[in-house]
Amino acid sequence: MRAAIVKEKGTPPVLGHFDSPVGTEGHVVVNVSAAALSRVSKFRSMGMHYSSEGHFPNVAGMDGVGTLEDGTRVYFAMPTAPFGSLAEQTLVSERLLIRLPDGLNEGTAAAIANPAMSSWAALVYRVGFQSGQTVLINGATGASGSLAVQIAKGLGAKKIIVTGRNASKLQALEADVTISFDMTAEDGQQHFEQTLIPAMADGVDVVLDYLWGDSAVAILSALAKTPTERATRFVSIGTASGQEELPLPSAILRASTIELVGSGGKSVSKAEMLSAVKGVFDMAAEGELTIATAEFGLEEIEAAWDAPLTPRPVVKL
């Protein structure tokens, strides 16, 4: 079968031929219709993510949509190594399948699952989000962050504050408060912190952070300086800033009601992740979630691999 094959660790995939999978007990063959590319999917495929399984050569891609032998449309996650989603067929555990709702097309389902499940899982499973709460989304201009805004609205957020580096993109999100920053400017972190304090005066229940780094420190410091005693759960979801570590003064935590929480592959179970995808799909089928996509054929895998993640690259098969 045709497949996008990663031959060695750290190398991008190339188009080639790979042995077709054969169903086994508890695992089924899926005829792949579409698979989207995400940062975690690319790094995992190349053996450069903490969840990588280290099989080479392997077929790239960690999730996608397709059909079963009887024609049932499904979303699938974590194909059985060395198979991946960027091939005509893949092999998947029966426990890692979700039936697609009527009215949701395959391209949208493939594109929206990964970036949207992160915020859904963080809000629903990591912090027990309740309707009427206030959410701050740091890094809201990326694919995951912009979907987080839509999900927070759909789950009943009373107030949404969005922060990020692109002021015009922030304005387009139609949040209640938009705050842009420039960490490369002189005193950029301090300026961001001072701008945040009045916006947080009434309290923030949840922070969804996709960036980490200096902007995260500014948010944590601003939270510690706000007059409210309302508890805030700060959820670290990603490190899009490129800063894996940050200088966090102990006093920020000792002098506040901030709770630090992580949300990811090891802190959210596979069952919860799949449940998050189902929630996302149901919301998308009702028209409450949208995502921009750019479609590629499998023969265009190199261009798709190098394409920006917004709009979300979707490889159709």
# chains A, B, ... in the order shown; residues from 1 in each chain; ligands from 1
>>> residues_around(residues="A:Ile98", least_positions_apart="3", cutoff="9 Å", atoms="only C-alpha atoms", output="VMD selection string")
chain A and resid 73 to 77 95 274 to 275 277 to 278
>>> closest_atom_pairs(of="stretch 114-152 of chain A", to="stretch 175-186 of chain A", cutoff="10 Å", atoms="only C-alpha atoms", output="JSON lines")
{"residue": "A:Leu136", "atom": "CA", "partner": "A:Val177", "partner_atom": "CA", "distance": 9.1}
{"residue": "A:Ile137", "atom": "CA", "partner": "A:Thr178", "partner_atom": "CA", "distance": 9.9}
{"residue": "A:Asn138", "atom": "CA", "partner": "A:Ile179", "partner_atom": "CA", "distance": 9.5}
{"residue": "A:Gly139", "atom": "CA", "partner": "A:Ser180", "partner_atom": "CA", "distance": 9.7}
{"residue": "A:Ala140", "atom": "CA", "partner": "A:Thr178", "partner_atom": "CA", "distance": 9.6}
{"residue": "A:Val149", "atom": "CA", "partner": "A:Ala175", "partner_atom": "CA", "distance": 7.4}
{"residue": "A:Gln150", "atom": "CA", "partner": "A:Ala175", "partner_atom": "CA", "distance": 9.4}
>>> closest_atom_pairs(of="stretch 143-178 of chain A", to="stretch 206-222 of chain A", cutoff="9 Å", atoms="only C-alpha atoms", output="Markdown table")
| residue | atom | partner | partner_atom | distance |
| --- | --- | --- | --- | --- |
| A:Ser144 | CA | A:Tyr210 | CA | 8.0 |
| A:Gly145 | CA | A:Tyr210 | CA | 7.1 |
| A:Ala148 | CA | A:Leu208 | CA | 8.3 |
| A:Gly164 | CA | A:Ser215 | CA | 8.7 |
>>> write_last_selection(atoms="N, CA and C atoms", output="compact mmCIF listing (two decimals), in the first residue's frame")
# COMPACT_ATOMS: atom_id res chain seq x y z
N SER A 144 -4.91 25.41 18.35
CA SER A 144 -5.48 24.88 19.59
C SER A 144 -6.09 26.00 20.43
N GLY A 145 -5.38 27.13 20.53
CA GLY A 145 -5.87 28.23 21.34
C GLY A 145 -7.16 28.83 20.82
N ALA A 148 -9.89 26.58 21.62
CA ALA A 148 -10.18 26.64 23.06
C ALA A 148 -11.17 27.75 23.36
N GLY A 164 -1.80 36.75 23.57
CA GLY A 164 -0.93 36.20 22.54
C GLY A 164 -0.10 37.28 21.90
>>> closest_residue(among="A:Asp70, A:Glu8, A:Asp63, A:Glu88", to="A:Leu298", atoms="only C-alpha atoms")
A:Glu88
>>> atom_distance(atom1="atom CA of A:Gly128", atom2="atom CA of A:Ala285")
23.5 Å
>>> residues_around(residues="A:Glu272", least_positions_apart="4", cutoff="12 Å", atoms="only C-alpha atoms", output="JSON list (two decimals) with N, CA and C atoms, in the first residue's frame")
[["chain", "number", "residue", "atom", "x", "y", "z"],
["A", 96, "LEU", "N", -9.80, 2.13, 20.55],
["A", 96, "LEU", "CA", -9.36, 3.48, 20.20],
["A", 96, "LEU", "C", -10.07, 4.00, 18.95],
["A", 117, "MET", "N", -9.10, 18.57, 21.29],
["A", 117, "MET", "CA", -9.21, 17.68, 22.45],
["A", 117, "MET", "C", -8.36, 18.18, 23.61],
["A", 118, "SER", "N", -7.26, 18.90, 23.31],
["A", 118, "SER", "CA", -6.38, 19.34, 24.39],
["A", 118, "SER", "C", -7.09, 20.28, 25.35],
["A", 120, "TRP", "N", -10.46, 20.69, 25.56],
["A", 120, "TRP", "CA", -11.62, 20.01, 26.13],
["A", 120, "TRP", "C", -11.20, 19.15, 27.32],
["A", 121, "ALA", "N", -10.14, 18.35, 27.13],
["A", 121, "ALA", "CA", -9.66, 17.49, 28.22],
["A", 121, "ALA", "C", -9.19, 18.32, 29.41],
["A", 122, "ALA", "N", -8.50, 19.43, 29.14],
["A", 122, "ALA", "CA", -8.01, 20.28, 30.22],
["A", 122, "ALA", "C", -9.17, 20.87, 31.02],
["A", 123, "LEU", "N", -10.17, 21.40, 30.30],
["A", 123, "LEU", "CA", -11.30, 22.03, 30.98],
["A", 123, "LEU", "C", -12.18, 21.02, 31.71],
["A", 124, "VAL", "N", -12.53, 19.95, 31.04],
["A", 124, "VAL", "CA", -13.50, 19.01, 31.59],
["A", 124, "VAL", "C", -12.88, 18.04, 32.60],
["A", 125, "TYR", "N", -11.71, 17.48, 32.26],
["A", 125, "TYR", "CA", -11.14, 16.42, 33.09],
["A", 125, "TYR", "C", -10.07, 16.89, 34.08],
["A", 126, "ARG", "N", -9.32, 17.91, 33.72],
["A", 126, "ARG", "CA", -8.24, 18.33, 34.62],
["A", 126, "ARG", "C", -8.69, 19.37, 35.64],
["A", 263, "SER", "N", -1.79, 19.08, 31.59],
["A", 263, "SER", "CA", -2.77, 18.31, 30.84],
["A", 263, "SER", "C", -2.10, 17.79, 29.58],
["A", 264, "GLY", "N", -2.04, 16.47, 29.45],
["A", 264, "GLY", "CA", -1.38, 15.88, 28.29],
["A", 264, "GLY", "C", -1.50, 14.37, 28.30],
["A", 265, "GLY", "N", -0.63, 13.73, 27.53],
["A", 265, "GLY", "CA", -0.73, 12.30, 27.31],
["A", 265, "GLY", "C", -0.58, 11.45, 28.55],
["A", 266, "LYS", "N", 0.13, 11.91, 29.56],
["A", 266, "LYS", "CA", 0.32, 11.11, 30.76],
["A", 266, "LYS", "C", -0.63, 11.51, 31.90],
["A", 267, "SER", "N", -1.21, 12.70, 31.82],
["A", 267, "SER", "CA", -2.09, 13.17, 32.89],
["A", 267, "SER", "C", -3.57, 13.00, 32.56],
["A", 268, "VAL", "N", -3.87, 12.67, 31.30],
["A", 268, "VAL", "CA", -5.24, 12.39, 30.88],
["A", 268, "VAL", "C", -5.25, 10.99, 30.27],
["A", 276, "ALA", "N", -13.07, 13.15, 25.16],
["A", 276, "ALA", "CA", -12.91, 14.55, 24.77],
["A", 276, "ALA", "C", -13.13, 14.73, 23.28],
["A", 277, "VAL", "N", -12.59, 13.81, 22.47],
["A", 277, "VAL", "CA", -12.79, 13.88, 21.02],
["A", 277, "VAL", "C", -14.27, 13.76, 20.68],
["A", 278, "LYS", "N", -14.97, 12.87, 21.37],
["A", 278, "LYS", "CA", -16.41, 12.72, 21.11],
["A", 278, "LYS", "C", -17.15, 14.02, 21.43],
["A", 279, "GLY", "N", -16.80, 14.65, 22.54],
["A", 279, "GLY", "CA", -17.42, 15.93, 22.88],
["A", 279, "GLY", "C", -17.14, 16.99, 21.82]]
>>> closest_residue(among="A:Ala81, A:Met200, A:Ala294, A:Val32", to="A:Arg44", atoms="only C-alpha atoms")
A:Ala81
>>> select_by_dssp(residues="stretch 37-282 of chain A", states="strand (DSSP E)", output="MDAnalysis selection string")
chainID A and resid 58:59 63:67 73:77 89:93 97:99 134:138 159:164 177:180 206:209 232:236 258:262
>>> residues_around(residues="A:Gly203", least_positions_apart="3", cutoff="10 Å", atoms="only C-alpha atoms", output="MDAnalysis selection string")
chainID A and resid 133:135 197:200 206 223 226:232
>>> closest_residue(among="A:Pro249, A:Gly156, A:Gly238, A:Gly61", to="A:Ala34", atoms="only C-alpha atoms")
A:Gly61
>>> residues_around(residues="A:Pro311", least_positions_apart="5", cutoff="12 Å", atoms="only C-alpha atoms", output="count of residues only")
20
>>> closest_residue(among="A:Gln190, A:Leu91, A:Glu245, A:Ala157", to="A:Thr24", atoms="only C-alpha atoms")
A:Leu91
>>> select_by_dssp(residues="stretch 55-264 of chain A", states="helix (DSSP H, G or I)", output="PDB file with C-alpha atoms, in the first residue's frame")
ATOM      1  CA  GLU A  94     -10.967  -1.552  18.768  1.00  0.00           C
ATOM      2  CA  ARG A  95     -10.835   0.474  22.011  1.00  0.00           C
ATOM      3  CA  LEU A  96      -9.355   3.480  20.201  1.00  0.00           C
ATOM      4  CA  GLU A 106     -13.997  13.526   7.382  1.00  0.00           C
ATOM      5  CA  GLY A 107     -11.642  16.442   6.684  1.00  0.00           C
ATOM      6  CA  THR A 108     -13.031  18.546   9.533  1.00  0.00           C
ATOM      7  CA  ALA A 109     -13.029  15.587  11.913  1.00  0.00           C
ATOM      8  CA  ALA A 110      -9.386  14.773  11.132  1.00  0.00           C
ATOM      9  CA  ALA A 111      -8.317  18.394  11.490  1.00  0.00           C
ATOM     10  CA  ILE A 112     -10.197  19.293  14.637  1.00  0.00           C
ATOM     11  CA  ALA A 113      -9.652  16.232  16.847  1.00  0.00           C
ATOM     12  CA  ASN A 114      -6.088  16.798  18.046  1.00  0.00           C
ATOM     13  CA  PRO A 115      -6.011  20.578  18.566  1.00  0.00           C
ATOM     14  CA  ALA A 116      -9.466  20.702  20.166  1.00  0.00           C
ATOM     15  CA  MET A 117      -9.213  17.684  22.450  1.00  0.00           C
ATOM     16  CA  SER A 118      -6.375  19.336  24.390  1.00  0.00           C
ATOM     17  CA  SER A 119      -8.527  22.187  25.681  1.00  0.00           C
ATOM     18  CA  TRP A 120     -11.624  20.012  26.130  1.00  0.00           C
ATOM     19  CA  ALA A 121      -9.664  17.494  28.216  1.00  0.00           C
ATOM     20  CA  ALA A 122      -8.014  20.283  30.223  1.00  0.00           C
ATOM     21  CA  LEU A 123     -11.296  22.034  30.981  1.00  0.00           C
ATOM     22  CA  VAL A 124     -13.502  19.011  31.591  1.00  0.00           C
ATOM     23  CA  TYR A 125     -11.139  16.422  33.091  1.00  0.00           C
ATOM     24  CA  ARG A 126      -8.244  18.331  34.619  1.00  0.00           C
ATOM     25  CA  ALA A 143      -5.032  26.429  16.137  1.00  0.00           C
ATOM     26  CA  SER A 144      -5.480  24.882  19.593  1.00  0.00           C
ATOM     27  CA  GLY A 145      -5.867  28.228  21.339  1.00  0.00           C
ATOM     28  CA  SER A 146      -8.485  29.562  18.935  1.00  0.00           C
ATOM     29  CA  LEU A 147     -10.474  26.324  19.271  1.00  0.00           C
ATOM     30  CA  ALA A 148     -10.176  26.643  23.055  1.00  0.00           C
ATOM     31  CA  VAL A 149     -12.026  29.961  22.804  1.00  0.00           C
ATOM     32  CA  GLN A 150     -14.880  28.296  20.918  1.00  0.00           C
ATOM     33  CA  ILE A 151     -14.976  25.356  23.354  1.00  0.00           C
ATOM     34  CA  ALA A 152     -14.993  27.610  26.418  1.00  0.00           C
ATOM     35  CA  LYS A 153     -17.938  29.505  24.937  1.00  0.00           C
ATOM     36  CA  GLY A 154     -19.729  26.261  24.153  1.00  0.00           C
ATOM     37  CA  ALA A 167      -3.014  41.620  18.183  1.00  0.00           C
ATOM     38  CA  SER A 168      -5.077  41.415  14.982  1.00  0.00           C
ATOM     39  CA  LYS A 169      -5.630  37.655  15.325  1.00  0.00           C
ATOM     40  CA  LEU A 170      -6.651  38.128  18.951  1.00  0.00           C
ATOM     41  CA  GLN A 171      -9.260  40.707  17.969  1.00  0.00           C
ATOM     42  CA  ALA A 172     -10.746  38.270  15.434  1.00  0.00           C
ATOM     43  CA  GLY A 188       7.940  43.319  27.598  1.00  0.00           C
ATOM     44  CA  GLN A 189       7.252  40.802  30.350  1.00  0.00           C
ATOM     45  CA  GLN A 190       6.711  43.493  32.975  1.00  0.00           C
ATOM     46  CA  HIS A 191       4.416  45.474  30.650  1.00  0.00           C
ATOM     47  CA  PHE A 192       2.336  42.370  29.957  1.00  0.00           C
ATOM     48  CA  GLU A 193       2.052  41.649  33.675  1.00  0.00           C
ATOM     49  CA  GLN A 194       0.888  45.193  34.461  1.00  0.00           C
ATOM     50  CA  THR A 195      -1.703  45.074  31.680  1.00  0.00           C
ATOM     51  CA  LEU A 196      -3.070  41.787  33.000  1.00  0.00           C
ATOM     52  CA  ILE A 197      -3.679  42.906  36.587  1.00  0.00           C
ATOM     53  CA  PRO A 198      -6.758  45.111  35.943  1.00  0.00           C
ATOM     54  CA  ALA A 199      -8.178  42.548  33.520  1.00  0.00           C
ATOM     55  CA  ASP A 214       8.078  34.292  29.988  1.00  0.00           C
ATOM     56  CA  SER A 215       4.405  34.961  29.241  1.00  0.00           C
ATOM     57  CA  ALA A 216       3.387  32.231  31.676  1.00  0.00           C
ATOM     58  CA  VAL A 217       5.519  33.794  34.423  1.00  0.00           C
ATOM     59  CA  ALA A 218       3.889  37.173  33.756  1.00  0.00           C
ATOM     60  CA  ILE A 219       0.411  35.642  34.068  1.00  0.00           C
ATOM     61  CA  LEU A 220       1.287  33.800  37.286  1.00  0.00           C
ATOM     62  CA  SER A 221       2.841  36.929  38.775  1.00  0.00           C
ATOM     63  CA  ALA A 222      -0.189  39.046  37.816  1.00  0.00           C
ATOM     64  CA  LEU A 223      -2.535  36.490  39.382  1.00  0.00           C
ATOM     65  CA  ALA A 224      -0.561  36.630  42.630  1.00  0.00           C
ATOM     66  CA  LYS A 225      -0.922  40.431  42.692  1.00  0.00           C
ATOM     67  CA  SER A 250       8.352  30.413  45.129  1.00  0.00           C
ATOM     68  CA  ALA A 251       6.615  33.511  46.521  1.00  0.00           C
ATOM     69  CA  ILE A 252       4.167  33.521  43.595  1.00  0.00           C
ATOM     70  CA  LEU A 253       2.693  30.236  44.784  1.00  0.00           C
ATOM     71  CA  ARG A 254       3.023  30.912  48.516  1.00  0.00           C
TER      72      ARG A 254
END
>>> atom_distance(atom1="atom CA of A:Lys159", atom2="atom CA of A:Ser241")
24.9 Å
>>> closest_residue(among="A:Glu25, A:Asp205, A:Glu302, A:Glu174", to="A:Gly132", atoms="only C-alpha atoms")
A:Asp205
>>> atom_distance(atom1="atom CA of A:Leu260", atom2="atom CA of A:Phe234")
5.0 Å
>>> closest_residue(among="A:Pro13, A:Leu317, A:Leu248, A:Ser51", to="A:Asn31", atoms="only C-alpha atoms")
A:Leu317
>>> residues_around(residues="A:Val29", least_positions_apart="6", cutoff="7 Å", atoms="only C-alpha atoms", output="PyMOL selection string")
chain A and resi 21-23+68+89-92
>>> decode(residues="stretch 108-205 of chain A", atoms="C-alpha atoms", output="mmCIF file, in the first residue's frame")
data_model
loop_
_atom_site.group_PDB
_atom_site.id
_atom_site.type_symbol
_atom_site.label_atom_id
_atom_site.label_comp_id
_atom_site.auth_asym_id
_atom_site.auth_seq_id
_atom_site.Cartn_x
_atom_site.Cartn_y
_atom_site.Cartn_z
ATOM 1 C CA THR A 108 -13.031 18.546 9.533
ATOM 2 C CA ALA A 109 -13.029 15.587 11.913
ATOM 3 C CA ALA A 110 -9.386 14.773 11.132
ATOM 4 C CA ALA A 111 -8.317 18.394 11.490
ATOM 5 C CA ILE A 112 -10.197 19.293 14.637
ATOM 6 C CA ALA A 113 -9.652 16.232 16.847
ATOM 7 C CA ASN A 114 -6.088 16.798 18.046
ATOM 8 C CA PRO A 115 -6.011 20.578 18.566
ATOM 9 C CA ALA A 116 -9.466 20.702 20.166
ATOM 10 C CA MET A 117 -9.213 17.684 22.450
ATOM 11 C CA SER A 118 -6.375 19.336 24.390
ATOM 12 C CA SER A 119 -8.527 22.187 25.681
ATOM 13 C CA TRP A 120 -11.624 20.012 26.130
ATOM 14 C CA ALA A 121 -9.664 17.494 28.216
ATOM 15 C CA ALA A 122 -8.014 20.283 30.223
ATOM 16 C CA LEU A 123 -11.296 22.034 30.981
ATOM 17 C CA VAL A 124 -13.502 19.011 31.591
ATOM 18 C CA TYR A 125 -11.139 16.422 33.091
ATOM 19 C CA ARG A 126 -8.244 18.331 34.619
ATOM 20 C CA VAL A 127 -10.077 21.257 36.245
ATOM 21 C CA GLY A 128 -13.771 20.313 36.281
ATOM 22 C CA PHE A 129 -14.809 23.488 34.469
ATOM 23 C CA GLN A 130 -18.250 24.853 35.358
ATOM 24 C CA SER A 131 -20.569 27.074 33.333
ATOM 25 C CA GLY A 132 -20.271 30.700 34.436
ATOM 26 C CA GLN A 133 -16.534 30.616 35.141
ATOM 27 C CA THR A 134 -13.854 32.926 33.744
ATOM 28 C CA VAL A 135 -11.129 31.542 31.465
ATOM 29 C CA LEU A 136 -7.834 33.056 30.299
ATOM 30 C CA ILE A 137 -6.291 31.440 27.214
ATOM 31 C CA ASN A 138 -2.598 32.165 26.671
ATOM 32 C CA GLY A 139 -1.516 31.525 23.099
ATOM 33 C CA ALA A 140 -5.037 31.937 21.746
ATOM 34 C CA THR A 141 -3.983 32.739 18.174
ATOM 35 C CA GLY A 142 -2.761 29.218 17.380
ATOM 36 C CA ALA A 143 -5.032 26.429 16.137
ATOM 37 C CA SER A 144 -5.480 24.882 19.593
ATOM 38 C CA GLY A 145 -5.867 28.228 21.339
ATOM 39 C CA SER A 146 -8.485 29.562 18.935
ATOM 40 C CA LEU A 147 -10.474 26.324 19.271
ATOM 41 C CA ALA A 148 -10.176 26.643 23.055
ATOM 42 C CA VAL A 149 -12.026 29.961 22.804
ATOM 43 C CA GLN A 150 -14.880 28.296 20.918
ATOM 44 C CA ILE A 151 -14.976 25.356 23.354
ATOM 45 C CA ALA A 152 -14.993 27.610 26.418
ATOM 46 C CA LYS A 153 -17.938 29.505 24.937
ATOM 47 C CA GLY A 154 -19.729 26.261 24.153
ATOM 48 C CA LEU A 155 -19.214 25.040 27.722
ATOM 49 C CA GLY A 156 -20.728 28.240 29.126
ATOM 50 C CA ALA A 157 -17.800 30.462 30.089
ATOM 51 C CA LYS A 158 -18.988 33.775 31.550
ATOM 52 C CA LYS A 159 -15.861 35.696 30.529
ATOM 53 C CA ILE A 160 -12.984 34.821 28.198
ATOM 54 C CA ILE A 161 -9.635 36.639 28.230
ATOM 55 C CA VAL A 162 -7.268 35.890 25.347
ATOM 56 C CA THR A 163 -3.568 36.688 25.198
ATOM 57 C CA GLY A 164 -0.932 36.201 22.539
ATOM 58 C CA ARG A 165 1.615 37.797 20.254
ATOM 59 C CA ASN A 166 -0.623 38.788 17.322
ATOM 60 C CA ALA A 167 -3.014 41.620 18.183
ATOM 61 C CA SER A 168 -5.077 41.415 14.982
ATOM 62 C CA LYS A 169 -5.630 37.655 15.325
ATOM 63 C CA LEU A 170 -6.651 38.128 18.951
ATOM 64 C CA GLN A 171 -9.260 40.707 17.969
ATOM 65 C CA ALA A 172 -10.746 38.270 15.434
ATOM 66 C CA LEU A 173 -11.481 35.752 18.201
ATOM 67 C CA GLU A 174 -14.317 37.886 19.632
ATOM 68 C CA ALA A 175 -13.332 37.274 23.248
ATOM 69 C CA ASP A 176 -14.356 39.564 26.102
ATOM 70 C CA VAL A 177 -10.810 40.875 26.708
ATOM 71 C CA THR A 178 -7.814 40.754 24.364
ATOM 72 C CA ILE A 179 -4.261 41.473 25.495
ATOM 73 C CA SER A 180 -1.267 41.228 23.180
ATOM 74 C CA PHE A 181 2.356 41.153 24.267
ATOM 75 C CA ASP A 182 5.882 41.319 22.891
ATOM 76 C CA MET A 183 8.379 39.426 25.005
ATOM 77 C CA THR A 184 11.253 40.641 22.814
ATOM 78 C CA ALA A 185 10.602 44.286 23.691
ATOM 79 C CA GLU A 186 12.400 46.014 26.534
ATOM 80 C CA ASP A 187 10.387 45.343 29.719
ATOM 81 C CA GLY A 188 7.940 43.319 27.598
ATOM 82 C CA GLN A 189 7.252 40.802 30.350
ATOM 83 C CA GLN A 190 6.711 43.493 32.975
ATOM 84 C CA HIS A 191 4.416 45.474 30.650
ATOM 85 C CA PHE A 192 2.336 42.370 29.957
ATOM 86 C CA GLU A 193 2.052 41.649 33.675
ATOM 87 C CA GLN A 194 0.888 45.193 34.461
ATOM 88 C CA THR A 195 -1.703 45.074 31.680
ATOM 89 C CA LEU A 196 -3.070 41.787 33.000
ATOM 90 C CA ILE A 197 -3.679 42.906 36.587
ATOM 91 C CA PRO A 198 -6.758 45.111 35.943
ATOM 92 C CA ALA A 199 -8.178 42.548 33.520
ATOM 93 C CA MET A 200 -7.980 39.959 36.311
ATOM 94 C CA ALA A 201 -9.480 42.179 39.012
ATOM 95 C CA ASP A 202 -12.650 40.079 39.297
ATOM 96 C CA GLY A 203 -10.705 36.832 39.344
ATOM 97 C CA VAL A 204 -9.864 34.084 36.869
ATOM 98 C CA ASP A 205 -10.977 30.509 37.462
#
